[in-house]
Amino acid sequence: MKTTYKQLTWFCAIISVVIIFSSFYSNRESSKNTFLFPYKQAGLNERQAAAHLLSRFTYGATPGEIDEVVKIGLEKWFQNQLSGDLPDDSLNLVLSSFDALALSNKEVAAKYPNQGQILRMVVKDGTVDKDSVKKDGKVYRDVLQQYMQNNGLKPRQDLYRQFISQKVLRAAYSKNQLQEVMTSFWFNHFNVSITKNDCAAFIPAYERDVIRPNAMGKFSNLLVATAQSPAMLYFLDNFSSVGTKVTSGSTMSMAKMRKPKSARGLNENYAREVMELHTLGVDGGYTQLDVTEAARVLTGWTVYPMGVDTNPIERPGFVHEGDFLFTPNRHDNSVKTVLGASFGPDGGYQEGQQLLNMLAHHSSTAKFISGKIAIRFVSDHPSEKLIDKMAQVFRDKDGDIKQVLIAMVTTSEFWSATSVREKTKSPFELAIGAVRSVHADIKQPYQLFNWISRMGEKMYYYQAPTGFPDKGQYWINTGALLNRMNFGLALASGRIPGVRVDLIALNNHHEPESAQAALRIYSQLIMPDRDLAATIKRLTPMLNDPELIKKVDVASAKVSAPQADMDQDEVKTKVLGNSTMLAQVVGVILGSPEYQRR
Amino acid sequence: MVSRRGFLKSGGLALFGVGLMGGIPSFIAEAAASAKYQAPYKKKKTLVCIFQRGAMDGLMAVTPFTDEYLKAARPTLFMSAARNANGNSLIDLDGRFGLHPAMQGFEPLFREKRLGIVHGIGSPNTTRSHFDAQDYMESGTPFNKGTSSGWLNRAVGLLGHDALTPFTAVSLTSAMPRSFYGDNPSVSINNLQEFAIQMRGNQAGANLAAKSFEDLYDQTASGLLKDTGKESFEAMKMLQKADTKNYKPANNVIYPTSALGNSLKQIAQLIKMDVGMEVAFAESNGWDTHFNQGAGNGIFARNVEDLSNSMISFWNDLSAYQDEVTVMTMTEFGRTIHQNGTGGTDHGRASCNFILGNDVNGGLIHGDVKPLAVENLEDGRDLAVTTDFRSVFSEVADKHLHISNDRILFPDWKGDQIGVMKG
């Protein structure tokens, strides 16, 4: 008795000490930086380090941003980005004009039916005689349009357009740049695609509610949130997966839960990809049997029907949260074994939670995710040592993404010559970076998306669940490279509709006196951290050729009359005094090989 | 009938040898110097794939017109081979199958045994989702979503030599198709004329910019950017020399002005330029005919007319290159035996495909189509898949491009070829 009491006292004492220490530690952590960046050891000065930091954790430095980061302090700036709560009032004001961005999945489904759904509606409704459908293209389209207008329906394309536009605007203008960069990273990691009609309508909410809020939280939360989202449930078909050994819970009428056409049994797609692509990695140590067993564990994880009356289902064993539904009558209740761990019998919804939790905390996952983060932020070929260090933190800190990022930025490898400027900008990064470099004013974000697609990154339309490959070799190919150069020329010369560039204002309203001066000044403005002597030297003789310059001016004069398809903004761009030669010089800088790297 | 041109006479050699600023493009020169590849000017075989997105109704394209079950299942869609006044009769190919009348241009090619048809072709995965079925067909792995590469990209890796030019695999589409995903070099080009440095209406400016870029990429430290830059400018000049804008097809061919016609026309240009293209890809859309697909006339008729006219124009334009070219169509699945309530057909299982070329075992309808009694149907409703698409794709790749490594081309697949190609 006495001993027990003594032990208890000791126990309490130890616990209190631990609590005090840990609270002290976490206070310290939140109030001031507990980390230092070892860039000096790597031979970088503060400005160079700030430039590198901006190249990795933003969509590109805006003019003067390097100085701002130096002023704030590099570590402090990074801490602010990790917190992701800088005010974004002007961006939010612009975004508030997009009426689809705040809609729930259910509202989207009701307002933005796809083409096939509209056709069925008009035929059912009797608006269109079923025999005349598609007989006369024009009349038919008008009838459809009228029907949609009368019923408050909008074309699906409008939804995608708004969604893509908001991403372009956030990436270009958000103060919380890392938040957006990480959102892109995780979206690509947990890729879903507009090309798949079933899931397309739910992608805006997927990014908004599933990816962005969890982008810098715990990996396990992100994993579960994606697993329960309609976009992912449809994209990888788990919504239709039905257990073959359903033994209980079948009292619920199956008629109410309309069985999808393809729901004939087990569908392994999600179970396989969640291990191969989302967590363990292809060499993460699982077998085909594990895939099948995991698929059985996840049977019954589906989407709550959105069309019909959506009163919450409150029956034993059902779990209904938001758009997610667990239906015990589709769940395989028998015992399953995944990676040696046992699930069930009769564990219901909790089995899936248990499985995802196990995968999120697996050591292969720590390594796989750390490797992908290192490839995104350090170089295409990060060292094993770096990945191991990050994986260690991933495990120790319960998959805390912020801690993994901090671990990465505090290594010498992050700052080393093998990393600095070793990443190739993706087309999205190039386009947004260029817009940020020249302080462009985006009135029509979708125009940038068209260019980004042409350069090879049709965002949100990548068909494979792998997401876009994250390496320079993928982005740099013959056709794409010419388009990158053309993009630079088009942006600088104001030929992208709805994207205004004021090059003179960029240089404090001083017009450079010669093409040569323009090259020097604007190289410095757009790539302040680079030594561009070689570039300048190379281009100077060409820009000194008066015959050539005359030719360019004459040629451009011939076409300077505003085109019919130009909006007022564009006409204004011309008037702003962007001389052809200046635009040409800036275009060449933006299309130059140096600018393709970050 | 088909003239094989010696390489000395080839337009391609003239193009490479004299016209260009820098003489012979370096990738060709490198190829010549490489031990792996002895004859850089030898004309390449080209496989042209056309994806019919939306799932073509194979039973309407090539109809088993003696089948009473089909006739009963399709009151307004069924056509017979018996001549009738309104011209809605099928072209009788072999007493059992009839070609849709809008594809009449295919008949001579079929009779000459250059056009082969495979019926009952499809995927072993029973999904009836367009997206999933296209994804599986293009990745070439019908049970694995996560395959990162496409089968045509893997084919490029199996050609037995390094990709010698930037045009080894070209897709005439605005975005890279799933079939082309992967590590081997491949490009998607929407329009050959856009393959240039452009400043709208300002040619002098464009020339200056092009020269600046060429210089900059030539001196950059990044090997990837330097090499790709060099290739890009060489490729660009090659296309400029060829004057793609004023292209005149051979034999007074006039291509349909459709997307497919345009794509095939540009593929023909690339083949004639001898740019080393071995795999080409084009798309045809609008095959998802749930509503009023029509019979002798209508949506479906217009679609097959475009398909066949585009392919025939391509074939005739390439009269001097026919030995080198095989064209193969593909579609993700077929459509229901029964017509639906809106004069169309819904998602089914097997369809048919067309293979055109001098190596094709043509004039035959390959595969196995049983009488369409309910007991012979898949899931009691659809034309059964009796030929795995991988069997046909792998045979065509094998016989035309000499790619025989099925373990890489179609992992997880072990099956037999069915003789769609000669020899």
# chains A, B, ... in the order shown; residues from 1 in each chain; ligands from 1
>>> closest_atom_pairs(of="stretch 69-181 of chain B", to="stretch 479-492 of chain A", cutoff="12 Å", atoms="only C-alpha atoms", output="CSV")
residue,atom,partner,partner_atom,distance
B:Pro166,CA,A:Gly479,CA,8.7
B:Phe167,CA,A:Gly479,CA,9.7
B:Ala169,CA,A:Gly479,CA,11.8
B:Val170,CA,A:Gly479,CA,10.0
B:Ser171,CA,A:Gly479,CA,11.0
B:Leu172,CA,A:Gly479,CA,11.5
B:Thr173,CA,A:Gly479,CA,12.0
B:Ser174,CA,A:Gly479,CA,11.1
B:Ala175,CA,A:Ala480,CA,10.8
B:Met176,CA,A:Ala480,CA,10.8
>>> interface_residues(of="chain B", to="chain A", cutoff="6 Å", atoms="only C-alpha atoms", output="list in words")
Phe131, Ile197, Asn202, Ala204, Gly205, Tyr217, Thr228, Ser232 and Thr342 of chain B
>>> residues_around(residues="A:Ala49", least_positions_apart="6", cutoff="10 Å", atoms="only C-alpha atoms", output="list in words")
Phe37, Pro38, Tyr39, Lys40, Ala42, Gly43, Ser55, Ile66, Val69, Val70, Leu74, Trp415, Val420 and Asp529 of chain A
>>> write_last_selection(atoms="N, CA and C atoms", output="short mmCIF file (atom, residue, chain, number, x, y, z; two decimals), in the first residue's frame")
data_model
loop_
_atom_site.label_atom_id
_atom_site.label_comp_id
_atom_site.auth_asym_id
_atom_site.auth_seq_id
_atom_site.Cartn_x
_atom_site.Cartn_y
_atom_site.Cartn_z
N PHE A 37 18.60 29.23 -40.19
CA PHE A 37 18.93 28.73 -41.52
C PHE A 37 20.45 28.76 -41.72
N PRO A 38 21.05 27.63 -42.06
CA PRO A 38 22.51 27.57 -42.20
C PRO A 38 23.00 27.98 -43.59
N TYR A 39 22.54 29.13 -44.07
CA TYR A 39 22.92 29.51 -45.44
C TYR A 39 24.34 30.06 -45.53
N LYS A 40 24.79 30.68 -44.42
CA LYS A 40 26.15 31.27 -44.47
C LYS A 40 27.19 30.18 -44.68
N ALA A 42 26.82 27.64 -46.29
CA ALA A 42 26.78 27.19 -47.69
C ALA A 42 27.34 28.26 -48.63
N GLY A 43 27.78 29.36 -48.07
CA GLY A 43 28.42 30.38 -48.90
C GLY A 43 27.45 31.39 -49.50
N SER A 55 12.30 31.56 -53.93
CA SER A 55 12.15 30.73 -55.12
C SER A 55 11.53 29.38 -54.79
N ILE A 66 12.73 40.60 -52.08
CA ILE A 66 13.93 40.11 -51.41
C ILE A 66 14.30 41.04 -50.25
N VAL A 69 12.02 40.51 -47.28
CA VAL A 69 12.31 39.30 -46.50
C VAL A 69 13.55 39.53 -45.62
N VAL A 70 14.55 40.20 -46.18
CA VAL A 70 15.75 40.49 -45.39
C VAL A 70 15.38 41.35 -44.19
N LEU A 74 14.85 36.21 -42.26
CA LEU A 74 14.50 35.04 -43.06
C LEU A 74 13.69 34.02 -42.27
N TRP A 415 20.43 24.58 -48.78
CA TRP A 415 21.09 25.84 -49.18
C TRP A 415 22.31 25.61 -50.08
N VAL A 420 20.45 25.22 -55.14
CA VAL A 420 20.07 26.57 -55.56
C VAL A 420 19.92 26.62 -57.09
N ASP A 529 18.68 38.39 -58.14
CA ASP A 529 19.70 37.62 -57.42
C ASP A 529 20.71 36.96 -58.35
#
>>> residues_around(residues="B:Ala301", least_positions_apart="5", cutoff="12 Å", atoms="only C-alpha atoms", output="number ranges by chain")
B: 56-57, 60-61, 77, 88, 90, 99-104, 286-287, 289, 292-296, 306-309
>>> write_last_selection(atoms="C-alpha atoms", output="compact mmCIF listing (two decimals), in the first residue's frame")
# COMPACT_ATOMS: atom_id res chain seq x y z
CA MET B 56 -18.19 3.98 -80.95
CA ASP B 57 -21.18 1.77 -81.61
CA MET B 60 -23.65 0.10 -86.28
CA ALA B 61 -20.27 0.71 -87.91
CA LEU B 77 -31.39 1.85 -85.81
CA ASN B 88 -29.76 3.28 -96.26
CA LEU B 90 -25.17 -1.52 -95.62
CA LEU B 99 -20.19 -1.65 -93.45
CA HIS B 100 -22.13 1.52 -92.66
CA PRO B 101 -22.96 3.25 -95.98
CA ALA B 102 -21.32 6.50 -94.88
CA MET B 103 -18.03 4.60 -94.84
CA GLN B 104 -18.29 3.52 -98.46
CA GLY B 286 -18.52 12.75 -80.44
CA TRP B 287 -19.10 8.99 -80.30
CA THR B 289 -24.49 8.64 -79.00
CA ASN B 292 -30.81 10.04 -81.76
CA GLN B 293 -27.74 8.49 -83.20
CA GLY B 294 -29.51 8.09 -86.54
CA ALA B 295 -29.10 5.26 -89.03
CA GLY B 296 -28.14 5.98 -92.67
CA ASP B 306 -15.56 11.87 -91.14
CA LEU B 307 -13.53 8.99 -89.77
CA SER B 308 -13.37 7.10 -93.04
CA ASN B 309 -12.90 10.16 -95.26
>>> decode(residues="stretch 350-413 of chain A", atoms="C-alpha atoms", output="PDB file, in the first residue's frame")
ATOM      1  CA  GLN A 350     -13.731   2.219 -37.502  1.00  0.00           C
ATOM      2  CA  GLU A 351     -11.840  -0.364 -39.565  1.00  0.00           C
ATOM      3  CA  GLY A 352     -11.253   2.147 -42.335  1.00  0.00           C
ATOM      4  CA  GLN A 353     -10.140   4.792 -39.866  1.00  0.00           C
ATOM      5  CA  GLN A 354      -7.793   2.284 -38.282  1.00  0.00           C
ATOM      6  CA  LEU A 355      -6.364   1.345 -41.688  1.00  0.00           C
ATOM      7  CA  LEU A 356      -5.743   4.922 -42.803  1.00  0.00           C
ATOM      8  CA  ASN A 357      -4.222   5.744 -39.439  1.00  0.00           C
ATOM      9  CA  MET A 358      -1.887   2.786 -39.758  1.00  0.00           C
ATOM     10  CA  LEU A 359      -0.855   3.798 -43.275  1.00  0.00           C
ATOM     11  CA  ALA A 360      -0.326   7.432 -42.271  1.00  0.00           C
ATOM     12  CA  HIS A 361       2.059   6.371 -39.518  1.00  0.00           C
ATOM     13  CA  HIS A 362       3.936   3.696 -41.425  1.00  0.00           C
ATOM     14  CA  SER A 363       7.679   4.219 -41.753  1.00  0.00           C
ATOM     15  CA  SER A 364       7.486   3.731 -45.539  1.00  0.00           C
ATOM     16  CA  THR A 365       5.001   6.603 -45.650  1.00  0.00           C
ATOM     17  CA  ALA A 366       7.308   8.878 -43.666  1.00  0.00           C
ATOM     18  CA  LYS A 367      10.022   8.203 -46.173  1.00  0.00           C
ATOM     19  CA  PHE A 368       7.873   8.391 -49.287  1.00  0.00           C
ATOM     20  CA  ILE A 369       6.239  11.690 -48.333  1.00  0.00           C
ATOM     21  CA  SER A 370       9.531  13.199 -47.191  1.00  0.00           C
ATOM     22  CA  GLY A 371      11.097  12.243 -50.512  1.00  0.00           C
ATOM     23  CA  LYS A 372       8.338  13.916 -52.474  1.00  0.00           C
ATOM     24  CA  ILE A 373       8.536  17.075 -50.378  1.00  0.00           C
ATOM     25  CA  ALA A 374      12.316  17.165 -50.836  1.00  0.00           C
ATOM     26  CA  ILE A 375      11.952  16.783 -54.584  1.00  0.00           C
ATOM     27  CA  ARG A 376       9.422  19.595 -54.651  1.00  0.00           C
ATOM     28  CA  PHE A 377      11.487  22.017 -52.579  1.00  0.00           C
ATOM     29  CA  VAL A 378      15.149  21.025 -52.724  1.00  0.00           C
ATOM     30  CA  SER A 379      16.129  19.379 -55.992  1.00  0.00           C
ATOM     31  CA  ASP A 380      15.122  16.673 -58.434  1.00  0.00           C
ATOM     32  CA  HIS A 381      17.633  14.349 -56.749  1.00  0.00           C
ATOM     33  CA  PRO A 382      17.677  14.925 -52.998  1.00  0.00           C
ATOM     34  CA  SER A 383      20.133  12.840 -50.970  1.00  0.00           C
ATOM     35  CA  GLU A 384      19.075   9.815 -48.941  1.00  0.00           C
ATOM     36  CA  LYS A 385      20.514  11.531 -45.904  1.00  0.00           C
ATOM     37  CA  LEU A 386      18.183  14.497 -46.295  1.00  0.00           C
ATOM     38  CA  ILE A 387      15.154  12.283 -46.839  1.00  0.00           C
ATOM     39  CA  ASP A 388      16.017  10.140 -43.814  1.00  0.00           C
ATOM     40  CA  LYS A 389      16.321  13.185 -41.625  1.00  0.00           C
ATOM     41  CA  MET A 390      12.953  14.512 -42.740  1.00  0.00           C
ATOM     42  CA  ALA A 391      11.368  11.070 -42.364  1.00  0.00           C
ATOM     43  CA  GLN A 392      12.664  10.872 -38.809  1.00  0.00           C
ATOM     44  CA  VAL A 393      10.915  14.145 -37.975  1.00  0.00           C
ATOM     45  CA  PHE A 394       7.782  12.977 -39.787  1.00  0.00           C
ATOM     46  CA  ARG A 395       7.678   9.947 -37.478  1.00  0.00           C
ATOM     47  CA  ASP A 396       8.666  11.769 -34.292  1.00  0.00           C
ATOM     48  CA  LYS A 397       6.202  14.604 -34.791  1.00  0.00           C
ATOM     49  CA  ASP A 398       3.188  12.531 -35.801  1.00  0.00           C
ATOM     50  CA  GLY A 399       3.337  13.526 -39.469  1.00  0.00           C
ATOM     51  CA  ASP A 400       3.343  17.254 -38.707  1.00  0.00           C
ATOM     52  CA  ILE A 401       3.983  18.790 -42.124  1.00  0.00           C
ATOM     53  CA  LYS A 402       5.280  22.083 -40.745  1.00  0.00           C
ATOM     54  CA  GLN A 403       7.903  20.279 -38.705  1.00  0.00           C
ATOM     55  CA  VAL A 404       9.008  18.311 -41.739  1.00  0.00           C
ATOM     56  CA  LEU A 405       9.393  21.535 -43.721  1.00  0.00           C
ATOM     57  CA  ILE A 406      11.411  23.117 -40.912  1.00  0.00           C
ATOM     58  CA  ALA A 407      13.646  20.061 -40.750  1.00  0.00           C
ATOM     59  CA  MET A 408      14.241  20.379 -44.481  1.00  0.00           C
ATOM     60  CA  VAL A 409      15.041  24.101 -44.526  1.00  0.00           C
ATOM     61  CA  THR A 410      17.482  23.785 -41.652  1.00  0.00           C
ATOM     62  CA  THR A 411      19.693  21.271 -43.448  1.00  0.00           C
ATOM     63  CA  SER A 412      22.784  22.426 -45.290  1.00  0.00           C
ATOM     64  CA  GLU A 413      21.616  20.540 -48.369  1.00  0.00           C
TER      65      GLU A 413
END
